[in-house]
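The structure file my_file.pdb is reproduced below (PDB, C-alpha atoms and all ligand atoms).
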MODEL        1
ATOM      1  CA  MET W   1     140.527 136.593 104.767
ATOM      2  CA  LYS W   2     139.678 138.314 108.067
ATOM      3  CA  LEU W   3     140.695 141.947 108.495
ATOM      4  CA  ASN W   4     143.847 142.462 110.539
ATOM      5  CA  THR W   5     144.075 144.605 113.671
ATOM      6  CA  SER W   6     145.444 147.594 111.821
ATOM      7  CA  GLN W   7     142.606 147.487 109.244
ATOM      8  CA  ILE W   8     140.019 147.227 112.026
ATOM      9  CA  GLN W   9     141.604 150.181 113.838
ATOM     10  CA  THR W  10     141.592 152.240 110.639
ATOM     11  CA  PHE W  11     137.917 151.447 110.129
ATOM     12  CA  GLN W  12     137.148 152.448 113.713
ATOM     13  CA  GLN W  13     139.014 155.734 113.319
ATOM     14  CA  VAL W  14     137.832 156.850 109.877
ATOM     15  CA  GLY W  15     134.538 154.968 109.439
ATOM     16  CA  PHE W  16     135.363 153.245 106.164
ATOM     17  CA  LEU W  17     137.935 150.939 104.655
ATOM     18  CA  GLU W  18     138.972 150.171 101.139
ATOM     19  CA  ILE W  19     139.550 146.424 101.001
ATOM     20  CA  GLN W  20     143.004 145.868  99.537
ATOM     21  CA  HIS W  21     142.338 142.411  98.145
ATOM     22  CA  ARG W  22     139.888 141.442  95.453
ATOM     23  CA  VAL W  23     136.634 140.086  96.926
ATOM     24  CA  ILE W  24     135.020 138.782  93.702
ATOM     25  CA  GLU W  25     136.990 136.738  91.182
ATOM     26  CA  ASN W  26     136.500 137.261  87.452
ATOM     27  CA  ASP W  27     134.165 134.325  86.664
ATOM     28  CA  HIS W  28     132.016 135.198  89.637
ATOM     29  CA  LEU W  29     131.974 138.831  88.558
ATOM     30  CA  GLN W  30     130.708 137.882  85.089
ATOM     31  CA  GLN W  31     127.954 135.789  86.667
ATOM     32  CA  LEU W  32     126.925 138.651  88.982
ATOM     33  CA  ARG W  33     126.842 141.126  86.106
ATOM     34  CA  ARG W  34     124.653 138.822  84.014
ATOM     35  CA  SER W  35     122.234 138.300  86.832
ATOM     36  CA  TYR W  36     122.245 142.022  87.721
ATOM     37  CA  ASP W  37     121.430 142.993  84.134
ATOM     38  CA  GLN W  38     118.630 140.428  83.964
ATOM     39  CA  VAL W  39     117.026 141.808  87.117
ATOM     40  CA  PHE W  40     117.251 145.388  85.817
ATOM     41  CA  GLU W  41     115.870 144.311  82.457
ATOM     42  CA  GLN W  42     112.807 142.854  84.194
ATOM     43  CA  ARG W  43     112.430 145.923  86.412
ATOM     44  CA  TYR W  44     112.518 148.286  83.439
ATOM     45  CA  GLN W  45     109.655 146.314  81.953
ATOM     46  CA  THR W  46     107.493 145.812  85.009
ATOM     47  CA  ALA W  47     108.384 148.635  87.431
ATOM     48  CA  GLU W  48     107.212 146.392  90.242
ATOM     49  CA  GLN W  49     107.928 146.837  93.934
ATOM     50  CA  GLY W  50     111.574 147.051  94.886
ATOM     51  CA  TRP W  51     112.607 148.964  91.757
ATOM     52  CA  ARG W  52     113.022 152.723  91.930
ATOM     53  CA  ASN W  53     114.646 155.508  90.056
ATOM     54  CA  LEU W  54     115.964 157.557  92.974
ATOM     55  CA  SER W  55     116.556 160.531  90.683
ATOM     56  CA  VAL W  56     112.881 161.181  89.940
ATOM     57  CA  THR W  57     111.802 164.591  91.229
ATOM     58  CA  VAL W  58     108.408 165.525  92.686
ATOM     59  CA  ASP W  59     107.386 167.415  89.570
ATOM     60  CA  SER W  60     106.371 164.657  87.173
ATOM     61  CA  THR W  61     106.313 167.085  84.207
ATOM     62  CA  ASP W  62     110.054 167.484  84.660
ATOM     63  CA  GLN W  63     112.095 166.347  81.666
ATOM     64  CA  GLN W  64     113.716 163.577  83.660
ATOM     65  CA  GLN W  65     117.240 162.980  82.420
ATOM     66  CA  ASN W  66     118.838 161.202  85.334
ATOM     67  CA  GLU W  67     118.630 157.582  86.364
ATOM     68  CA  MET W  68     119.914 156.444  89.732
ATOM     69  CA  LEU W  69     118.395 153.009  89.716
ATOM     70  CA  GLN W  70     117.823 150.927  92.801
ATOM     71  CA  VAL W  71     116.621 147.383  93.281
ATOM     72  CA  VAL W  72     116.242 146.418  96.942
ATOM     73  CA  ASP W  73     116.461 142.785  98.117
ATOM     74  CA  MET W  74     118.307 141.430  95.108
ATOM     75  CA  TRP W  75     118.751 138.220  97.101
ATOM     76  CA  GLN W  76     115.012 137.566  96.758
ATOM     77  CA  LYS W  77     115.132 138.023  92.997
ATOM     78  CA  SER W  78     118.221 136.070  92.027
ATOM     79  CA  ASN W  79     119.959 132.960  93.389
ATOM     80  CA  THR W  80     123.296 134.424  92.367
ATOM     81  CA  PHE W  81     122.701 137.335  94.728
ATOM     82  CA  ARG W  82     121.299 135.082  97.457
ATOM     83  CA  GLU W  83     124.548 133.117  97.325
ATOM     84  CA  LEU W  84     126.523 136.361  97.474
ATOM     85  CA  LEU W  85     125.170 136.927 101.002
ATOM     86  CA  TYR W  86     127.159 133.875 102.113
ATOM     87  CA  HIS W  87     130.302 134.647 100.101
ATOM     88  CA  GLN W  88     133.090 134.039 102.593
ATOM     89  CA  PRO W  89     135.356 136.985 101.668
ATOM     90  CA  LEU W  90     132.437 139.344 102.407
ATOM     91  CA  LEU W  91     131.426 137.573 105.614
ATOM     92  CA  ASP W  92     135.059 137.748 106.759
ATOM     93  CA  ILE W  93     134.909 141.543 106.469
ATOM     94  CA  ALA W  94     131.529 141.844 108.187
ATOM     95  CA  THR W  95     132.403 139.504 111.070
ATOM     96  CA  SER W  96     135.778 141.219 111.581
ATOM     97  CA  LEU W  97     133.920 144.489 112.179
ATOM     98  CA  ILE W  98     130.646 143.596 113.905
ATOM     99  CA  GLY W  99     131.363 140.274 115.578
ATOM    100  CA  PRO W 100     130.500 136.632 114.983
ATOM    101  CA  ASN W 101     126.698 136.840 114.855
ATOM    102  CA  VAL W 102     125.661 138.671 111.729
ATOM    103  CA  GLN W 103     122.261 139.214 110.146
ATOM    104  CA  LEU W 104     121.294 140.738 106.852
ATOM    105  CA  PHE W 105     119.640 144.155 107.164
ATOM    106  CA  HIS W 106     119.025 144.269 103.411
ATOM    107  CA  ASP W 107     120.901 144.403 100.137
ATOM    108  CA  GLN W 108     120.514 146.657  97.129
ATOM    109  CA  ALA W 109     121.751 147.083  93.598
ATOM    110  CA  LEU W 110     122.604 150.688  92.725
ATOM    111  CA  TYR W 111     123.034 151.319  89.047
ATOM    112  CA  LYS W 112     124.218 154.572  87.468
ATOM    113  CA  PRO W 113     123.942 154.125  83.708
ATOM    114  CA  ALA W 114     126.586 155.803  81.531
ATOM    115  CA  LYS W 115     125.867 159.478  80.666
ATOM    116  CA  ILE W 116     122.583 159.705  82.588
ATOM    117  CA  GLY W 117     123.492 158.280  86.004
ATOM    118  CA  GLY W 118     122.050 160.477  88.757
ATOM    119  CA  SER W 119     123.672 161.547  92.024
ATOM    120  CA  VAL W 120     123.112 160.401  95.591
ATOM    121  CA  PRO W 121     123.398 163.328  98.020
ATOM    122  CA  TRP W 122     125.373 163.327 101.250
ATOM    123  CA  HIS W 123     123.776 161.133 103.890
ATOM    124  CA  GLN W 124     124.357 158.602 106.613
ATOM    125  CA  ASP W 125     122.663 155.255 106.044
ATOM    126  CA  ASN W 126     121.293 155.399 109.564
ATOM    127  CA  GLY W 127     119.720 158.760 108.711
ATOM    128  CA  TYR W 128     117.207 156.577 106.837
ATOM    129  CA  TRP W 129     117.187 153.510 109.055
ATOM    130  CA  ARG W 130     117.408 154.880 112.627
ATOM    131  CA  CYS W 131     118.558 151.448 113.832
ATOM    132  CA  GLN W 132     119.857 150.932 117.371
ATOM    133  CA  PRO W 133     122.565 150.247 118.251
ATOM    134  CA  ALA W 134     123.977 152.069 115.240
ATOM    135  CA  ASP W 135     126.607 149.428 114.570
ATOM    136  CA  LEU W 136     125.639 148.303 111.074
ATOM    137  CA  VAL W 137     128.192 148.143 108.287
ATOM    138  CA  SER W 138     127.753 148.160 104.516
ATOM    139  CA  ILE W 139     129.982 146.507 101.959
ATOM    140  CA  TRP W 140     129.863 148.369  98.644
ATOM    141  CA  ILE W 141     131.020 146.133  95.802
ATOM    142  CA  ALA W 142     132.094 147.513  92.421
ATOM    143  CA  LEU W 143     130.774 145.383  89.553
ATOM    144  CA  ASP W 144     132.360 147.847  87.097
ATOM    145  CA  ASP W 145     135.453 149.942  87.693
ATOM    146  CA  ALA W 146     134.174 152.863  89.759
ATOM    147  CA  HIS W 147     136.093 156.129  89.557
ATOM    148  CA  THR W 148     135.450 159.832  90.004
ATOM    149  CA  ALA W 149     134.028 160.262  86.479
ATOM    150  CA  ASN W 150     131.376 157.531  86.726
ATOM    151  CA  GLY W 151     130.290 158.003  90.333
ATOM    152  CA  CYS W 152     132.497 156.176  92.823
ATOM    153  CA  MET W 153     131.824 156.582  96.517
ATOM    154  CA  ASN W 154     132.961 159.739  98.335
ATOM    155  CA  VAL W 155     133.162 159.695 102.113
ATOM    156  CA  VAL W 156     133.905 162.094 104.967
ATOM    157  CA  PRO W 157     136.568 160.381 107.089
ATOM    158  CA  GLY W 158     135.737 160.370 110.802
ATOM    159  CA  SER W 159     132.174 161.607 110.308
ATOM    160  CA  HIS W 160     130.778 158.480 112.024
ATOM    161  CA  LEU W 161     132.221 159.780 115.317
ATOM    162  CA  GLU W 162     130.448 163.125 115.161
ATOM    163  CA  ARG W 163     127.001 164.181 116.289
ATOM    164  CA  GLN W 164     124.270 162.751 114.063
ATOM    165  CA  PRO W 165     123.274 165.583 111.667
ATOM    166  CA  ASP W 166     119.691 166.329 110.649
ATOM    167  CA  HIS W 167     118.740 164.996 107.239
ATOM    168  CA  SER W 168     116.294 166.890 105.060
ATOM    169  CA  ARG W 169     114.628 165.986 101.739
ATOM    170  CA  ALA W 170     117.172 166.114  98.940
ATOM    171  CA  GLN W 171     116.780 168.706  96.182
ATOM    172  CA  GLU W 172     118.026 168.764  92.642
ATOM    173  CA  GLU W 173     117.872 172.012  90.695
ATOM    174  CA  GLY W 174     115.355 173.322  93.217
ATOM    175  CA  GLN W 175     113.072 170.291  93.020
ATOM    176  CA  GLU W 176     112.591 167.713  95.706
ATOM    177  CA  LEU W 177     113.874 164.169  95.253
ATOM    178  CA  PRO W 178     111.237 162.373  97.340
ATOM    179  CA  ALA W 179     113.204 159.143  97.742
ATOM    180  CA  LEU W 180     116.376 160.721  99.080
ATOM    181  CA  LEU W 181     117.628 162.550 102.151
ATOM    182  CA  SER W 182     120.498 164.963 102.322
ATOM    183  CA  VAL W 183     122.903 166.623 104.755
ATOM    184  CA  GLU W 184     124.988 169.789 104.202
ATOM    185  CA  VAL W 185     128.632 168.829 103.821
ATOM    186  CA  ASN W 186     131.690 170.841 102.890
ATOM    187  CA  ASP W 187     133.060 168.896  99.905
ATOM    188  CA  SER W 188     136.630 169.749 100.882
ATOM    189  CA  GLN W 189     136.296 167.314 103.812
ATOM    190  CA  SER W 190     135.587 164.354 101.549
ATOM    191  CA  VAL W 191     137.744 161.763  99.847
ATOM    192  CA  PRO W 192     136.887 159.648  96.802
ATOM    193  CA  VAL W 193     137.151 155.863  97.013
ATOM    194  CA  PRO W 194     137.765 154.626  93.458
ATOM    195  CA  LEU W 195     137.577 150.845  93.112
ATOM    196  CA  LYS W 196     138.392 148.308  90.439
ATOM    197  CA  ALA W 197     135.627 145.893  89.456
ATOM    198  CA  GLY W 198     135.554 142.978  91.902
ATOM    199  CA  HIS W 199     136.862 145.145  94.729
ATOM    200  CA  ALA W 200     134.953 146.574  97.664
ATOM    201  CA  MET W 201     134.868 149.125 100.421
ATOM    202  CA  VAL W 202     133.071 148.931 103.744
ATOM    203  CA  HIS W 203     131.528 151.859 105.594
ATOM    204  CA  HIS W 204     129.917 152.438 108.984
ATOM    205  CA  CYS W 205     126.214 153.315 109.042
ATOM    206  CA  LEU W 206     127.021 156.774 110.471
ATOM    207  CA  THR W 207     129.704 157.651 107.915
ATOM    208  CA  LEU W 208     128.679 160.490 105.615
ATOM    209  CA  HIS W 209     128.904 159.501 101.957
ATOM    210  CA  GLN W 210     127.605 160.474  98.526
ATOM    211  CA  THR W 211     128.123 159.768  94.825
ATOM    212  CA  HIS W 212     128.263 162.171  91.863
ATOM    213  CA  PRO W 213     126.319 161.830  88.593
ATOM    214  CA  ASN W 214     127.749 159.576  85.906
ATOM    215  CA  ARG W 215     128.402 161.624  82.780
ATOM    216  CA  SER W 216     131.082 159.233  81.500
ATOM    217  CA  ASN W 217     130.720 156.584  78.800
ATOM    218  CA  GLN W 218     131.004 153.781  81.328
ATOM    219  CA  ASP W 219     128.196 152.230  83.320
ATOM    220  CA  ARG W 220     128.641 152.050  87.056
ATOM    221  CA  ARG W 221     126.996 148.954  88.471
ATOM    222  CA  ALA W 222     127.377 148.449  92.198
ATOM    223  CA  MET W 223     125.960 146.136  94.819
ATOM    224  CA  VAL W 224     125.680 146.974  98.509
ATOM    225  CA  ILE W 225     125.052 144.543 101.350
ATOM    226  CA  HIS W 226     124.032 146.028 104.690
ATOM    227  CA  TYR W 227     124.962 143.848 107.687
ATOM    228  CA  MET W 228     123.814 144.175 111.276
ATOM    229  CA  PRO W 229     124.905 142.515 114.513
ATOM    230  CA  VAL W 230     122.279 140.174 115.986
ATOM    231  CA  GLY W 231     120.254 142.203 118.508
ATOM    232  CA  THR W 232     119.750 145.267 116.290
ATOM    233  CA  ARG W 233     116.422 147.126 116.598
ATOM    234  CA  ASN W 234     114.747 149.158 113.888
ATOM    235  CA  GLY W 235     113.645 152.819 114.146
ATOM    236  CA  GLU W 236     110.494 151.788 116.061
ATOM    237  CA  GLY W 237     112.566 149.878 118.598
ATOM    238  CA  ILE W 238     111.469 146.490 117.272
ATOM    239  CA  LEU W 239     114.046 143.716 117.497
ATOM    240  CA  LEU W 240     114.903 142.539 113.971
ATOM    241  CA  LYS W 241     114.953 138.902 115.008
ATOM    242  CA  ASP W 242     113.611 137.418 111.783
ATOM    243  CA  ASN W 243     116.190 138.812 109.360
ATOM    244  CA  LEU W 244     118.402 136.197 107.706
ATOM    245  CA  VAL W 245     121.288 135.030 109.867
ATOM    246  CA  LEU W 246     124.307 135.096 107.576
ATOM    247  CA  TYR W 247     126.849 133.931 110.099
ATOM    248  CA  GLY W 248     126.881 132.634 113.689
ATOM    249  CA  ARG W 249     123.686 132.260 115.652
ATOM    250  CA  ASN W 250     120.637 134.212 116.689
ATOM    251  CA  PRO W 251     119.673 133.601 120.334
ATOM    252  CA  HIS W 252     116.435 135.540 119.785
ATOM    253  CA  THR W 253     114.871 132.768 117.724
ATOM    254  CA  ALA W 254     113.818 129.355 119.005
TER     255      ALA W 254
HETATM  256  O1  LIG L 301     126.055 153.629  95.027
HETATM  257  C1  LIG L 301     125.691 154.800  95.185
HETATM  258  O2  LIG L 301     125.670 155.597  94.278
HETATM  259  C2  LIG L 301     125.288 155.256  96.566
HETATM  260  C3  LIG L 301     125.626 154.240  97.616
HETATM  261  C4  LIG L 301     125.073 154.519  98.954
HETATM  262  O3  LIG L 301     124.562 155.548  99.252
HETATM  263  C5  LIG L 301     125.201 153.471  99.966
HETATM  264  O4  LIG L 301     125.853 152.444  99.726
HETATM  265  O5  LIG L 301     124.645 153.651 101.057
ENDMDL
END

Mind converting the file's structure to structure tokens?
Ligand SMILES: O=C(O)CCC(=O)C(=O)O
Amino acid sequence: MKLNTSQIQTFQQVGFLEIQHRVIENDHLQQLRRSYDQVFEQRYQTAEQGWRNLSVTVDSTDQQQNEMLQVVDMWQKSNTFRELLYHQPLLDIATSLIGPNVQLFHDQALYKPAKIGGSVPWHQDNGYWRCQPADLVSIWIALDDAHTANGCMNVVPGSHLERQPDHSRAQEEGQELPALLSVEVNDSQSVPVPLKAGHAMVHHCLTLHQTHPNRSNQDRRAMVIHYMPVGTRNGEGILLKDNLVLYGRNPHTA
């Protein structure tokens, strides 16, 4: 189901949108969870490229308690997640917001285990990516119910329209988190976006967002797909012509 004009206008004004309808049905959700857990099981064992604990601080002697686990490019590790890239309800959202020709920037699984799930500090996605034009959108899909206690998304409405803030290395209890960037934000400006499992939200690549630690008894598994309009360039100005075309056509390839 494509977004309607009022939903598109809301997204343009506030920089994010909670999708009112379910995007993943129950059977599909079970299949995604199984596949997700299998990938994380393998990563725990092998710690190969693409797997990171974003909560690890510079000081390796630190008694590391937190796990904010990331697997990038899930679509290359699991057919279930490759197929998810072409899932029509998600493509309907992406094409409604960035037009008919859509490429994958990348996808990632972000897992906050119960009790020990780490935080993700305030940032804009394009603070990392530096893509131009900055028109990418990300669909954040809840594979478990995500609420304030287990680390749902928090966003600053309208922040995508403001000047791009400087990002610095994130800190936790005085120690640097080398994998993460951070921006100073007054928490009173933010709103939580709790989601039921199988539901999703979409945010603009300049929208400030963060997630809190998960100290609850419930895991928080989430999947994010980052979409870009055909013609997007990376931080070095290189045209990303070879990224997967998920919908429409790419005039930059033969
Ligand atoms: O899932 C999280 O905890 C953080 C998500 C995030 O930063 C993102 O989707 O860009």

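A distance search around ligand LIG 301 (chain L) (8 Å at most, all atoms listed in the file) returns the following protein and nucleic acid residues: Met68, Ala109, Leu110, Tyr111, Lys112, Ser119, Val120, Pro121, His123, Gln124, Asp125, Ser138, Ile139, Trp140, Gly151, Cys152, Met153, His209, Gln210, Thr211, His212, Ala222, Met223 and Val224 of chain W.
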
### Query
Hey, what's within 7 Å of W:Val23 if we count only C-alpha atoms and toss same-chain stuff fewer than 2 positions away? As a PyMOL selection string, please?
chain W and resi 21+25+89-90+198-200

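Within 12 Å of W:Asn26, once only C-alpha atoms are used and residues closer than 6 positions along the same chain are dropped, the contacting residues are W:Leu32, W:Arg33, W:Leu143, W:Asp144, W:Lys196, W:Ala197, W:Gly198, W:His199.
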
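Within 9 Å of W:Val39, once all atoms listed in the file are used and residues closer than 4 positions along the same chain are dropped, the contacting residues are Arg34, Ser35, Arg43, Tyr44, Val71, Met74, Lys77 and Ser78 of chain W.
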
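Separating atom CA of W:Pro213 from atom CA of W:Asn66 is a distance of 8.2 Å.
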
### Query
Of the candidates W:Thr10, W:Ser55, W:Gln108, W:Asn217, which one gets nearest to W:Gln171 if we count all atoms listed in the file?
W:Ser55

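Residues in contact with W:Glu162 at 10 Å, where all atoms listed in the file are counted and same-chain residues fewer than 4 positions away are skipped, are listed as Gly158, Leu206 and Thr207 of chain W.
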
Next, dump the selected residues to file, keeping only C-alpha atoms, as a CSV table (one decimal), in the frame of the given file.
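Written out: out25.csv:
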chain,number,residue,atom,x,y,z
W,158,GLY,CA,135.7,160.4,110.8
W,206,LEU,CA,127.0,156.8,110.5
W,207,THR,CA,129.7,157.7,107.9

### Closest of W:Gln76, W:Asn150, W:Val245, W:Gly15 to W:Ile116 - atom-to-atom distances counting only C-alpha atoms
W:Asn150

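Nearest-residue note for W:Val56: choosing from W:Leu240, W:Leu91, W:Met1, W:Ala170, the minimum distance belongs to W:Ala170, counting only C-alpha atoms.
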
6 Å per side around stretch 101-117 of chain W: axis-aligned box centre and edge lengths, as lines of an AutoDock Vina configuration file:
center_x = 122.9
center_y = 148.3
center_z = 97.8
size_x = 19.7
size_y = 34.9
size_z = 46.2

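From atom CA of W:Glu83 back to atom CA of W:Gly50, the distance works out to 19.2 Å.
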
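You will find atom CA of W:His147 at 28.7 Å from atom CA of W:Ala134.
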
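Closest approach to W:Asp219 among W:Cys205, W:Val102, W:Ala149, W:Leu3 is made by W:Ala149 (distances from all atoms listed in the file).
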
### Matched chain/residue IDs from the PyMOL selection byres (((chain W and resi 128) around 12) and not hetatm), as number ranges by chain
W: 122-127, 129-131, 134, 164-169, 179-183, 205-206, 234-235

Write a file of the just-selected residues containing C-alpha atoms, as a PDB file, in the frame of the given file.
ATOM      1  CA  TRP W 122     125.373 163.327 101.250  1.00  0.00           C
ATOM      2  CA  HIS W 123     123.776 161.133 103.890  1.00  0.00           C
ATOM      3  CA  GLN W 124     124.357 158.602 106.613  1.00  0.00           C
ATOM      4  CA  ASP W 125     122.663 155.255 106.044  1.00  0.00           C
ATOM      5  CA  ASN W 126     121.293 155.399 109.564  1.00  0.00           C
ATOM      6  CA  GLY W 127     119.720 158.760 108.711  1.00  0.00           C
ATOM      7  CA  TRP W 129     117.187 153.510 109.055  1.00  0.00           C
ATOM      8  CA  ARG W 130     117.408 154.880 112.627  1.00  0.00           C
ATOM      9  CA  CYS W 131     118.558 151.448 113.832  1.00  0.00           C
ATOM     10  CA  ALA W 134     123.977 152.069 115.240  1.00  0.00           C
ATOM     11  CA  GLN W 164     124.270 162.751 114.063  1.00  0.00           C
ATOM     12  CA  PRO W 165     123.274 165.583 111.667  1.00  0.00           C
ATOM     13  CA  ASP W 166     119.691 166.329 110.649  1.00  0.00           C
ATOM     14  CA  HIS W 167     118.740 164.996 107.239  1.00  0.00           C
ATOM     15  CA  SER W 168     116.294 166.890 105.060  1.00  0.00           C
ATOM     16  CA  ARG W 169     114.628 165.986 101.739  1.00  0.00           C
ATOM     17  CA  ALA W 179     113.204 159.143  97.742  1.00  0.00           C
ATOM     18  CA  LEU W 180     116.376 160.721  99.080  1.00  0.00           C
ATOM     19  CA  LEU W 181     117.628 162.550 102.151  1.00  0.00           C
ATOM     20  CA  SER W 182     120.498 164.963 102.322  1.00  0.00           C
ATOM     21  CA  VAL W 183     122.903 166.623 104.755  1.00  0.00           C
ATOM     22  CA  CYS W 205     126.214 153.315 109.042  1.00  0.00           C
ATOM     23  CA  LEU W 206     127.021 156.774 110.471  1.00  0.00           C
ATOM     24  CA  ASN W 234     114.747 149.158 113.888  1.00  0.00           C
ATOM     25  CA  GLY W 235     113.645 152.819 114.146  1.00  0.00           C
TER      26      GLY W 235
END

### Message
When you look at W:Gln12 with a cut-off of 12 Å (counting all atoms listed in the file), what residues show up, excluding the ones that are within fewer than 2 positions of it in the same chain? I need them as a ChimeraX atom specification.
### Response
/W:5-10,14-17,96-98,135,137,157-161,202-207

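With distances taken over all atoms listed in the file, W:Val58 is the one residue among W:Val58, W:Leu195, W:Ile238, W:Leu246 lying closest to W:Glu173.
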
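Distances here use only C-alpha atoms; by that measure, the residue among W:Gln30, W:Thr57, W:Gln65, W:Asn4 closest to W:Arg215 is W:Gln65.
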
### Task
Please write the residues picked by the PyMOL selection byres (((chain W and resi 52) around 6) and not hetatm) on this file as a count of residues only.
5

Written record: stretch 102-154 of chain W, C-alpha atoms, as an mmCIF file, in the first residue's frame:
data_model
loop_
_atom_site.group_PDB
_atom_site.id
_atom_site.type_symbol
_atom_site.label_atom_id
_atom_site.label_comp_id
_atom_site.auth_asym_id
_atom_site.auth_seq_id
_atom_site.Cartn_x
_atom_site.Cartn_y
_atom_site.Cartn_z
ATOM 1 C CA VAL W 102 15.252 2.914 -5.716
ATOM 2 C CA GLN W 103 18.557 1.277 -4.845
ATOM 3 C CA LEU W 104 19.708 -0.426 -1.700
ATOM 4 C CA PHE W 105 22.287 1.565 0.273
ATOM 5 C CA HIS W 106 22.668 -1.283 2.767
ATOM 6 C CA ASP W 107 20.703 -3.170 5.382
ATOM 7 C CA GLN W 108 21.527 -4.063 8.960
ATOM 8 C CA ALA W 109 20.240 -6.109 11.848
ATOM 9 C CA LEU W 110 20.401 -4.278 15.181
ATOM 10 C CA TYR W 111 19.935 -6.495 18.177
ATOM 11 C CA LYS W 112 19.633 -5.329 21.786
ATOM 12 C CA PRO W 113 19.529 -8.454 23.939
ATOM 13 C CA ALA W 114 17.343 -8.375 27.063
ATOM 14 C CA LYS W 115 19.027 -6.868 30.172
ATOM 15 C CA ILE W 116 22.354 -6.087 28.484
ATOM 16 C CA GLY W 117 21.296 -4.245 25.320
ATOM 17 C CA GLY W 118 23.478 -1.170 24.811
ATOM 18 C CA SER W 119 22.443 2.305 23.669
ATOM 19 C CA VAL W 120 22.878 4.084 20.353
ATOM 20 C CA PRO W 121 23.597 7.792 20.884
ATOM 21 C CA TRP W 122 21.915 10.648 19.055
ATOM 22 C CA HIS W 123 22.983 10.835 15.427
ATOM 23 C CA GLN W 124 21.877 11.390 11.874
ATOM 24 C CA ASP W 125 22.502 8.456 9.550
ATOM 25 C CA ASN W 126 24.077 10.821 7.058
ATOM 26 C CA GLY W 127 26.489 11.934 9.786
ATOM 27 C CA TYR W 128 28.147 8.576 9.038
ATOM 28 C CA TRP W 129 27.430 8.277 5.334
ATOM 29 C CA ARG W 130 27.839 11.831 3.964
ATOM 30 C CA CYS W 131 25.835 10.831 0.876
ATOM 31 C CA GLN W 132 24.671 13.430 -1.649
ATOM 32 C CA PRO W 133 21.942 14.293 -2.270
ATOM 33 C CA ALA W 134 20.921 13.553 1.307
ATOM 34 C CA ASP W 135 17.608 12.020 0.301
ATOM 35 C CA LEU W 136 17.988 8.498 1.669
ATOM 36 C CA VAL W 137 15.324 6.945 3.860
ATOM 37 C CA SER W 138 15.507 4.066 6.328
ATOM 38 C CA ILE W 139 12.740 1.665 7.232
ATOM 39 C CA TRP W 140 13.175 0.361 10.779
ATOM 40 C CA ILE W 141 11.247 -2.873 11.271
ATOM 41 C CA ALA W 142 10.400 -4.245 14.718
ATOM 42 C CA LEU W 143 10.869 -8.021 14.880
ATOM 43 C CA ASP W 144 9.901 -7.904 18.576
ATOM 44 C CA ASP W 145 7.582 -5.407 20.218
ATOM 45 C CA ALA W 146 9.773 -2.344 20.721
ATOM 46 C CA HIS W 147 8.859 0.023 23.541
ATOM 47 C CA THR W 148 10.563 2.536 25.803
ATOM 48 C CA ALA W 149 11.821 -0.136 28.235
ATOM 49 C CA ASN W 150 13.589 -2.307 25.644
ATOM 50 C CA GLY W 151 14.994 0.397 23.380
ATOM 51 C CA CYS W 152 12.519 1.611 20.768
ATOM 52 C CA MET W 153 13.515 4.435 18.467
ATOM 53 C CA ASN W 154 13.447 8.039 19.720
#
